[in-house]
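Here's structure-v7.csv, which has CSV, C-alpha atoms:
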```csv
chain,number,residue,atom,x,y,z
A,873,MET,CA,-26.4,-29.8,81.9
A,874,PRO,CA,-25.5,-33.3,80.9
A,875,PHE,CA,-23.0,-32.0,78.4
A,876,ALA,CA,-20.7,-31.1,81.2
A,877,ARG,CA,-19.8,-34.8,81.1
A,878,LEU,CA,-18.1,-34.1,77.7
A,879,ALA,CA,-16.0,-31.4,79.3
A,880,THR,CA,-14.3,-34.0,81.5
A,881,ALA,CA,-13.5,-36.4,78.5
A,882,THR,CA,-10.0,-36.3,77.2
A,883,THR,CA,-10.3,-38.2,74.0
A,884,PRO,CA,-10.1,-36.2,70.7
A,885,THR,CA,-13.3,-37.7,69.6
A,886,CYS,CA,-15.4,-36.7,72.6
A,887,HIS,CA,-17.0,-33.9,70.6
A,888,ILE,CA,-18.1,-36.2,67.8
A,889,GLY,CA,-21.5,-37.9,68.5
A,890,LEU,CA,-23.2,-40.8,66.8
A,891,GLY,CA,-26.6,-40.2,65.3
A,892,LEU,CA,-28.9,-43.2,64.7
A,893,ALA,CA,-31.1,-41.8,61.9
A,894,ALA,CA,-29.6,-44.0,59.2
A,895,ILE,CA,-29.6,-47.3,61.1
A,896,GLY,CA,-32.8,-47.2,63.3
A,897,ARG,CA,-35.1,-47.9,60.3
A,898,PRO,CA,-34.8,-49.6,56.9
A,899,GLY,CA,-35.3,-46.5,54.8
A,900,TYR,CA,-33.6,-43.2,54.8
A,901,ILE,CA,-32.4,-40.5,52.3
A,902,ASN,CA,-28.7,-40.9,52.6
A,903,LEU,CA,-26.9,-41.5,49.3
A,904,GLY,CA,-25.1,-44.9,49.0
A,905,ARG,CA,-27.4,-46.5,51.6
A,906,ASP,CA,-28.0,-49.6,49.4
A,907,GLU,CA,-24.3,-50.4,49.5
A,908,ASP,CA,-24.1,-49.6,53.2
A,909,LEU,CA,-26.9,-51.8,54.5
A,910,GLY,CA,-27.5,-54.4,51.8
A,911,GLU,CA,-30.8,-56.2,51.3
A,912,ASP,CA,-31.2,-57.7,54.8
A,913,ARG,CA,-32.8,-54.9,56.9
A,914,SER,CA,-34.8,-56.9,59.3
A,915,VAL,CA,-35.3,-55.5,62.8
A,916,GLU,CA,-32.8,-57.9,64.3
A,917,THR,CA,-30.2,-57.2,61.7
A,918,LEU,CA,-30.4,-53.4,62.2
A,919,ARG,CA,-30.5,-53.9,66.0
A,920,ALA,CA,-27.2,-55.9,65.8
A,921,ARG,CA,-25.7,-53.2,63.4
A,922,THR,CA,-26.7,-50.4,65.8
A,923,HIS,CA,-25.2,-52.2,68.8
A,924,GLU,CA,-22.0,-52.9,66.8
A,925,LEU,CA,-21.7,-49.2,65.9
A,926,LEU,CA,-22.5,-48.1,69.5
A,927,ASP,CA,-19.7,-50.4,70.8
A,928,ALA,CA,-17.2,-49.2,68.2
A,929,ALA,CA,-18.1,-45.5,68.9
A,930,TYR,CA,-17.9,-45.8,72.7
A,931,ALA,CA,-14.5,-47.7,72.4
A,932,GLN,CA,-13.2,-44.9,70.3
A,933,GLY,CA,-14.2,-42.1,72.6
A,934,VAL,CA,-17.6,-41.0,71.4
A,935,ARG,CA,-19.8,-40.0,74.3
A,936,TYR,CA,-23.0,-38.5,72.8
A,937,PHE,CA,-25.7,-40.7,71.1
A,938,ASP,CA,-28.6,-39.2,69.3
A,939,ALA,CA,-32.0,-40.9,68.5
A,940,ALA,CA,-35.6,-39.8,67.8
A,941,ARG,CA,-39.1,-41.2,68.0
A,942,SER,CA,-39.2,-41.0,64.2
A,943,TYR,CA,-36.0,-43.0,63.6
A,944,GLY,CA,-37.8,-46.3,63.5
A,945,ARG,CA,-36.6,-48.3,66.5
A,946,SER,CA,-33.6,-46.3,67.3
A,947,GLU,CA,-34.6,-45.6,70.9
A,948,GLU,CA,-35.4,-49.3,71.4
A,949,PHE,CA,-32.0,-50.3,70.0
A,950,LEU,CA,-30.2,-47.8,72.1
A,951,ALA,CA,-32.1,-48.8,75.2
A,952,ASP,CA,-31.2,-52.4,74.7
A,953,TRP,CA,-27.6,-51.5,74.4
A,954,LEU,CA,-27.7,-49.4,77.6
A,955,ARG,CA,-29.3,-52.1,79.6
A,956,ALA,CA,-26.6,-54.6,78.5
A,957,ARG,CA,-23.9,-52.1,79.6
A,958,PRO,CA,-24.9,-50.7,83.0
A,959,ASP,CA,-21.3,-49.6,83.7
A,960,VAL,CA,-21.5,-47.1,80.8
A,961,ASP,CA,-22.3,-44.0,82.8
A,962,ASP,CA,-20.3,-41.3,81.2
A,963,ILE,CA,-22.3,-40.7,78.0
A,964,VAL,CA,-25.0,-38.2,77.1
A,965,VAL,CA,-28.2,-39.6,75.5
A,966,GLY,CA,-30.5,-37.4,73.4
A,967,SER,CA,-33.7,-38.0,71.6
A,968,LYS,CA,-36.4,-36.0,69.8
A,969,TRP,CA,-40.2,-35.8,69.6
A,970,GLY,CA,-42.4,-34.1,67.1
A,971,TYR,CA,-42.4,-36.7,64.2
A,972,THR,CA,-44.2,-40.0,64.2
A,973,TYR,CA,-42.6,-42.9,62.3
A,974,THR,CA,-45.2,-44.2,59.8
A,975,ALA,CA,-43.3,-46.4,57.4
A,976,ASP,CA,-44.1,-49.7,59.1
A,977,TRP,CA,-40.5,-51.0,58.6
A,978,THR,CA,-40.6,-50.6,54.8
A,979,THR,CA,-38.5,-48.5,52.4
A,980,ASP,CA,-41.3,-47.7,50.0
A,981,ALA,CA,-43.9,-46.1,52.2
A,982,GLU,CA,-45.9,-43.3,50.8
A,983,GLN,CA,-45.1,-41.3,53.9
A,984,HIS,CA,-42.2,-42.2,56.3
A,985,GLU,CA,-42.9,-39.8,59.1
A,986,VAL,CA,-45.6,-37.3,60.1
A,987,LYS,CA,-44.8,-34.0,61.8
A,988,ASP,CA,-46.9,-32.7,64.7
A,989,HIS,CA,-45.6,-30.2,67.3
A,990,THR,CA,-48.7,-30.2,69.5
A,991,LEU,CA,-48.8,-30.7,73.2
A,992,ALA,CA,-50.7,-34.0,72.7
A,993,THR,CA,-48.0,-35.4,70.6
A,994,TYR,CA,-45.3,-34.3,73.1
A,995,GLU,CA,-47.1,-36.0,76.0
A,996,ARG,CA,-47.6,-39.2,74.0
A,997,GLN,CA,-44.1,-39.4,72.7
A,998,ARG,CA,-42.5,-38.3,76.0
A,999,ALA,CA,-44.2,-41.3,77.6
A,1000,GLU,CA,-43.0,-43.6,74.8
A,1001,SER,CA,-39.4,-42.3,75.1
A,1002,ALA,CA,-39.5,-42.6,78.9
A,1003,ALA,CA,-40.8,-46.2,78.7
A,1004,LEU,CA,-37.7,-47.2,76.6
A,1005,LEU,CA,-34.9,-44.9,78.0
A,1006,GLY,CA,-36.1,-44.1,81.5
A,1007,ASP,CA,-33.7,-41.9,83.4
A,1008,ARG,CA,-31.0,-42.5,80.8
A,1009,LEU,CA,-32.6,-39.8,78.6
A,1010,ASP,CA,-30.6,-36.7,79.2
A,1011,LEU,CA,-31.8,-34.5,76.4
A,1012,TYR,CA,-35.2,-34.2,74.8
A,1013,GLN,CA,-35.5,-32.1,71.7
A,1014,ILE,CA,-38.3,-30.7,69.5
A,1015,HIS,CA,-37.7,-32.3,66.1
A,1016,SER,CA,-37.2,-30.0,63.2
A,1017,VAL,CA,-38.5,-26.6,64.3
A,1018,THR,CA,-39.2,-24.1,61.5
A,1019,PRO,CA,-40.2,-20.5,62.0
A,1020,ASP,CA,-43.9,-21.3,61.6
A,1021,SER,CA,-43.8,-24.2,64.1
A,1022,PRO,CA,-46.5,-23.9,66.8
A,1023,ALA,CA,-43.9,-25.2,69.3
A,1024,LEU,CA,-42.5,-21.7,69.3
A,1025,THR,CA,-45.7,-20.0,70.5
A,1026,ASP,CA,-47.6,-22.7,72.5
A,1027,LYS,CA,-47.4,-21.5,76.1
A,1028,GLU,CA,-49.0,-24.6,77.4
A,1029,LEU,CA,-46.4,-26.7,75.7
A,1030,HIS,CA,-43.6,-24.5,77.0
A,1031,ALA,CA,-44.9,-24.9,80.6
A,1032,LYS,CA,-44.9,-28.7,80.2
A,1033,LEU,CA,-41.3,-28.6,78.8
A,1034,ALA,CA,-40.2,-26.4,81.6
A,1035,GLU,CA,-41.7,-28.9,84.0
A,1036,ALA,CA,-39.6,-31.7,82.4
A,1037,ALA,CA,-36.6,-29.4,82.7
A,1038,ALA,CA,-37.2,-28.9,86.4
A,1039,GLN,CA,-37.3,-32.7,86.8
A,1040,GLY,CA,-33.8,-33.0,85.3
A,1041,THR,CA,-34.3,-33.4,81.5
A,1042,THR,CA,-32.5,-30.9,79.4
A,1043,ILE,CA,-34.8,-29.4,76.8
A,1044,GLY,CA,-33.6,-28.5,73.3
A,1045,PHE,CA,-34.7,-28.2,69.7
A,1046,SER,CA,-33.5,-29.1,66.2
A,1047,THR,CA,-34.0,-27.2,63.1
A,1048,SER,CA,-34.5,-27.9,59.4
A,1049,GLY,CA,-35.1,-26.0,56.1
A,1050,PRO,CA,-33.7,-22.9,54.5
A,1051,ALA,CA,-34.9,-20.6,57.4
A,1052,GLN,CA,-32.9,-22.3,60.1
A,1053,ALA,CA,-31.4,-19.1,61.4
A,1054,ASP,CA,-34.9,-17.5,61.8
A,1055,ALA,CA,-36.1,-20.6,63.8
A,1056,ILE,CA,-33.0,-20.5,66.0
A,1057,ARG,CA,-33.4,-16.9,66.9
A,1058,ALA,CA,-37.1,-17.3,67.5
A,1059,ALA,CA,-36.4,-20.2,69.9
A,1060,LEU,CA,-33.8,-18.3,71.7
A,1061,ALA,CA,-36.5,-15.8,72.6
A,1062,VAL,CA,-38.7,-18.4,74.3
A,1063,THR,CA,-38.8,-18.1,78.0
A,1064,VAL,CA,-40.8,-19.5,80.9
A,1065,ASP,CA,-41.1,-17.5,84.1
A,1066,GLY,CA,-38.4,-15.2,82.7
A,1067,GLU,CA,-35.9,-18.0,82.1
A,1068,PRO,CA,-34.8,-19.4,78.7
A,1069,LEU,CA,-36.5,-22.7,77.9
A,1070,PHE,CA,-34.0,-24.2,75.5
A,1071,ARG,CA,-30.5,-25.3,76.5
A,1072,THR,CA,-29.4,-27.0,73.2
A,1073,VAL,CA,-29.9,-26.5,69.5
A,1074,GLN,CA,-29.3,-29.1,66.8
A,1075,SER,CA,-29.0,-27.8,63.3
A,1076,THR,CA,-27.9,-28.8,59.8
A,1077,TYR,CA,-24.5,-27.3,59.0
A,1078,ASN,CA,-21.9,-28.5,56.5
A,1079,ILE,CA,-19.7,-27.1,53.8
A,1080,LEU,CA,-22.6,-26.9,51.4
A,1081,GLU,CA,-25.1,-25.4,53.8
A,1082,THR,CA,-23.6,-22.7,56.1
A,1083,SER,CA,-26.5,-20.3,56.5
A,1084,ALA,CA,-27.2,-21.1,60.1
A,1085,ALA,CA,-23.7,-20.3,61.3
A,1086,PRO,CA,-24.3,-16.7,62.6
A,1087,ALA,CA,-27.4,-17.8,64.5
A,1088,LEU,CA,-25.6,-20.9,65.9
A,1089,ALA,CA,-22.8,-18.6,67.1
A,1090,GLU,CA,-25.5,-16.5,68.9
A,1091,ALA,CA,-27.0,-19.6,70.5
A,1092,HIS,CA,-23.5,-20.6,71.7
A,1093,ASP,CA,-22.9,-17.2,73.1
A,1094,ALA,CA,-26.3,-17.4,74.9
A,1095,GLY,CA,-25.1,-20.5,76.7
A,1096,LEU,CA,-26.7,-23.3,74.5
A,1097,THR,CA,-24.8,-26.4,73.5
A,1098,VAL,CA,-24.8,-26.6,69.7
A,1099,ILE,CA,-25.1,-30.0,68.1
A,1100,VAL,CA,-24.4,-30.2,64.3
A,1101,LYS,CA,-26.3,-32.7,62.2
A,1102,GLU,CA,-26.1,-33.7,58.6
A,1103,GLY,CA,-22.4,-32.7,58.4
A,1104,MET,CA,-22.1,-35.1,55.4
A,1105,ALA,CA,-25.1,-33.5,53.6
A,1106,ASN,CA,-26.9,-36.9,53.5
A,1107,GLY,CA,-24.0,-38.5,51.7
A,1108,ARG,CA,-23.4,-35.7,49.2
A,1109,LEU,CA,-19.9,-35.1,50.7
A,1110,ALA,CA,-18.9,-38.8,50.9
A,1111,ALA,CA,-16.2,-39.9,48.5
A,1112,PRO,CA,-18.4,-41.3,45.6
A,1113,HIS,CA,-20.4,-38.1,45.4
A,1114,ALA,CA,-18.1,-35.4,46.8
A,1115,PRO,CA,-17.3,-32.2,44.9
A,1116,ASP,CA,-13.9,-32.0,43.2
A,1117,ALA,CA,-12.5,-29.5,45.6
A,1118,LEU,CA,-13.3,-31.7,48.6
A,1119,ARG,CA,-11.7,-34.7,46.9
A,1120,ALA,CA,-8.6,-32.7,46.2
A,1121,VAL,CA,-8.2,-31.6,49.8
A,1122,ALA,CA,-8.8,-35.2,51.0
A,1123,VAL,CA,-6.0,-36.4,48.8
A,1124,GLU,CA,-3.7,-33.6,50.2
A,1125,THR,CA,-4.5,-34.7,53.8
A,1126,SER,CA,-4.3,-38.4,53.0
A,1127,LEU,CA,-7.7,-38.8,54.7
A,1128,GLY,CA,-11.2,-39.4,53.5
A,1129,CYS,CA,-13.6,-36.8,52.2
A,1130,ASP,CA,-15.8,-37.5,55.2
A,1131,ALA,CA,-13.1,-36.7,57.7
A,1132,VAL,CA,-12.2,-33.5,55.9
A,1133,ALA,CA,-15.9,-32.4,55.7
A,1134,LEU,CA,-16.5,-33.0,59.4
A,1135,ALA,CA,-13.2,-31.4,60.4
A,1136,VAL,CA,-14.3,-28.1,58.9
A,1137,ILE,CA,-17.3,-28.1,61.3
A,1138,LEU,CA,-15.2,-29.1,64.3
A,1139,ARG,CA,-13.1,-25.9,63.7
A,1140,GLU,CA,-16.1,-23.7,64.5
A,1141,PRO,CA,-15.8,-22.4,68.0
A,1142,TRP,CA,-19.6,-22.7,68.5
A,1143,ALA,CA,-19.8,-26.4,67.5
A,1144,GLY,CA,-20.2,-28.4,70.8
A,1145,VAL,CA,-21.0,-31.8,69.2
A,1146,VAL,CA,-20.7,-32.8,65.6
A,1147,LEU,CA,-22.8,-35.9,64.7
A,1148,SER,CA,-21.5,-38.8,62.6
A,1149,GLY,CA,-24.3,-40.6,60.8
A,1150,ALA,CA,-22.2,-43.6,60.0
A,1151,ALA,CA,-24.0,-46.8,58.9
A,1152,THR,CA,-20.9,-49.0,59.1
A,1153,VAL,CA,-18.0,-49.4,61.5
A,1154,ASN,CA,-15.6,-48.5,58.7
A,1155,GLN,CA,-17.5,-45.3,58.0
A,1156,LEU,CA,-17.4,-44.5,61.7
A,1157,ALA,CA,-13.7,-45.0,61.9
A,1158,SER,CA,-13.1,-42.8,58.9
A,1159,ASN,CA,-15.5,-40.1,60.3
A,1160,LEU,CA,-13.6,-40.1,63.6
A,1161,HIS,CA,-10.4,-39.1,61.8
A,1162,ALA,CA,-11.9,-35.6,61.6
A,1163,ALA,CA,-10.6,-35.0,65.0
A,1164,VAL,CA,-7.0,-35.0,63.7
A,1165,VAL,CA,-7.4,-33.3,60.3
A,1166,ASP,CA,-5.2,-30.2,60.0
A,1167,LEU,CA,-6.3,-27.8,57.3
A,1168,ASP,CA,-4.4,-24.7,56.1
A,1169,GLU,CA,-6.0,-21.5,55.0
A,1170,ASP,CA,-5.9,-22.2,51.3
A,1171,GLN,CA,-7.6,-25.6,51.8
A,1172,LEU,CA,-10.3,-23.9,53.9
A,1173,ALA,CA,-10.9,-21.3,51.3
A,1174,ARG,CA,-11.4,-23.9,48.6
A,1175,LEU,CA,-13.9,-25.7,50.8
A,1176,THR,CA,-15.7,-22.6,51.9
A,1177,ALA,CA,-16.3,-21.7,48.2
A,1178,LEU,CA,-18.5,-24.8,47.9
A,1179,ALA,CA,-21.4,-23.3,49.9
A,1180,GLU,CA,-24.7,-23.3,48.2
A,1181,GLU,CA,-27.7,-20.9,48.5
A,1182,PRO,CA,-30.0,-22.3,51.2
A,1183,GLN,CA,-33.0,-22.6,49.0
A,1184,ALA,CA,-31.0,-24.6,46.4
A,1185,TYR,CA,-29.5,-26.9,49.1
A,1186,TRP,CA,-32.8,-27.7,50.7
A,1187,SER,CA,-34.6,-28.2,47.4
A,1188,ARG,CA,-31.9,-30.8,46.5
A,1189,ARG,CA,-32.3,-32.4,49.9
A,1190,SER,CA,-36.0,-32.7,49.6
A,1191,SER,CA,-35.6,-34.5,46.2
A,1192,LEU,CA,-33.4,-37.2,47.6
A,1193,PRO,CA,-35.2,-40.6,47.5
A,1194,TRP,CA,-35.7,-42.9,50.5
A,1195,HIS,CA,-33.5,-46.0,50.0
```
Translate the structure described by the file into C-alpha cells.
Amino acid sequence: MPFARLATATTPTCHIGLGLAAIGRPGYINLGRDEDLGEDRSVETLRARTHELLDAAYAQGVRYFDAARSYGRSEEFLADWLRARPDVDDIVVGSKWGYTYTADWTTDAEQHEVKDHTLATYERQRAESAALLGDRLDLYQIHSVTPDSPALTDKELHAKLAEAAAQGTTIGFSTSGPAQADAIRAALAVTVDGEPLFRTVQSTYNILETSAAPALAEAHDAGLTVIVKEGMANGRLAAPHAPDALRAVAVETSLGCDAVALAVILREPWAGVVLSGAATVNQLASNLHAAVVDLDEDQLARLTALAEEPQAYWSRRSSLPWH
C-alpha cells in the first residue's frame, strides 16, 4: 500500500494530510470562508493559493494530499504542482469519484455537485482523474458511501475496482451522514474472489461527531488505513465558532482551538491520517501544531462531553450555506 511511505517518515506531521475541498473551487460550506478567501476566487487565484498551501504543507512534513473529482479543479491544481516538482516522490496522492462538480465556478449554483455511484460514472471519472494525475494517483476512493449506496452491491463495479487494484491503484471509500458506521461495516464485507476490496476508509470524525469511532476501529483492525476528514466540523471548531469548552482548553494549552480539536483525533490509535482542510498558510501552520498538543485526562473529558447526536450533527451540517 502507498501508505507504507508514511511509515518511513520521521516528521511529527506525517500523519496529518492536506485536503483540497476548500480551495479547489470557489464555493464550499466551511464557516468563515469569506474571510479566508476574499472576493477574488478566479481559477488562477485559487490555483496559486493551492500551490502555496501544497508547498507549505510539504515543507512542514505533510505527505498525504487529498482531492476529488467534485472539488472543482483540485485534481488539476494538484497535478500542476506535481509536474513542477518531479523530485517530490515521497508523498501519497488520493482522489475520489462518485460526485460530479456542477457549479460552473460559481458560489451560488442551485446544485454544486451531483452524486452517482454507477459503473458508468466510475469509468468516466477514472479516465478524467487518470488524464490529470496519471501514475501519481495512489488511492482512488468512492466518494461519500452511505448504507443505501449501489456501490456496496454492484458486483460489476466491484470487479472493475478490483481490476484497478491489480494494476496498482489502492481502492478505498469515504463515508458521510449519520449512518457512517453502518456504511463502514457494509463496505468491510465487500470481497472480490474472496479478498477484501477496500484498503482505506475516509470518514467524518471530530469532537462533535464521534459515532463512527467503533466501526473505524474495526476497519483499522481489519488492516485498512483510516483517513479522518472534517476534523474541524466545517469550521464549527475554529476559534470564532468554537464551543466554550474547546476555547478553554485551547487557552490552557496556549495553542489554537483547531490544533486542540485535531490533536484529539490524532490520539486515536486507529487514525492513520487526519486531514487539515486549511484555506490559508496560517491556518495550516496552526493545524499542524496538533502534532505536539499534550492533553490531560480532565481536558479530554471536557472535550469528549461536546459530542452531539449524529442526526443533530448532520442536520446542522446540511443547513450550512455554500460560501
Taking all atoms listed in the file into account, produce a table as JSON lines in which each residue of segment 1148-1190 of chain A with an atom at most 7 Å from an atom of segment 887-903 of chain A appears once, together with its shortest atom pair and the distance in Å to one decimal, ordered by chain and rising number.
```
{"residue": "A:Ser1148", "atom": "CA", "partner": "A:Leu890", "partner_atom": "CA", "distance": 5.0}
{"residue": "A:Gly1149", "atom": "CA", "partner": "A:Gly891", "partner_atom": "CA", "distance": 5.1}
{"residue": "A:Ala1151", "atom": "CA", "partner": "A:Ile895", "partner_atom": "CA", "distance": 6.0}
```
Residues within 6 Å of segment 1041-1047 of chain A, please, as an MDAnalysis selection string. Count all atoms listed in the file; anything in the same chain fewer than 4 positions from it doesn't count. chainID A and resid 1010:1017 1036:1037 1052 1070:1075
Put those residues in a file: C-alpha atoms, as a tab-separated table (two decimals), in the coordinates of the input.
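Saved the output as selection.tsv:
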```tsv
chain	number	residue	atom	x	y	z
A	1010	ASP	CA	-30.60	-36.70	79.20
A	1011	LEU	CA	-31.80	-34.50	76.40
A	1012	TYR	CA	-35.20	-34.20	74.80
A	1013	GLN	CA	-35.50	-32.10	71.70
A	1014	ILE	CA	-38.30	-30.70	69.50
A	1015	HIS	CA	-37.70	-32.30	66.10
A	1016	SER	CA	-37.20	-30.00	63.20
A	1017	VAL	CA	-38.50	-26.60	64.30
A	1036	ALA	CA	-39.60	-31.70	82.40
A	1037	ALA	CA	-36.60	-29.40	82.70
A	1052	GLN	CA	-32.90	-22.30	60.10
A	1070	PHE	CA	-34.00	-24.20	75.50
A	1071	ARG	CA	-30.50	-25.30	76.50
A	1072	THR	CA	-29.40	-27.00	73.20
A	1073	VAL	CA	-29.90	-26.50	69.50
A	1074	GLN	CA	-29.30	-29.10	66.80
A	1075	SER	CA	-29.00	-27.80	63.30
```
Of the residues A:Asp988, A:Glu1067, A:Glu1090, A:Glu1180, which is the one nearest to Ala1038 of chain A, using only C-alpha atoms?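 Looking at the shortest contact to Ala1038 of chain A, the residue is A:Glu1067.
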Report, in Å with one decimal, the straight-line distance from atom CA of Thr885 of chain A to atom CA of Gly933 of chain A.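 Between atom CA of Thr885 of chain A and atom CA of Gly933 of chain A the gap is 5.4 Å.
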For atom CA of Thr972 of chain A and atom CA of Arg941 of chain A, quote the distance in Å rounded to one decimal.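 So the two atoms, atom CA of Thr972 of chain A and atom CA of Arg941 of chain A, lie 6.5 Å apart.
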Write out as a PyMOL selection string which residues come within 6 Å of Ile1099 of chain A when counting only C-alpha atoms, dropping same-chain ones fewer than 4 positions away. chain A and resi 1074+1144-1146
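Coordinates place atom CA of Gly1128 of chain A at a distance of 7.1 Å from atom CA of Ala1111 of chain A.
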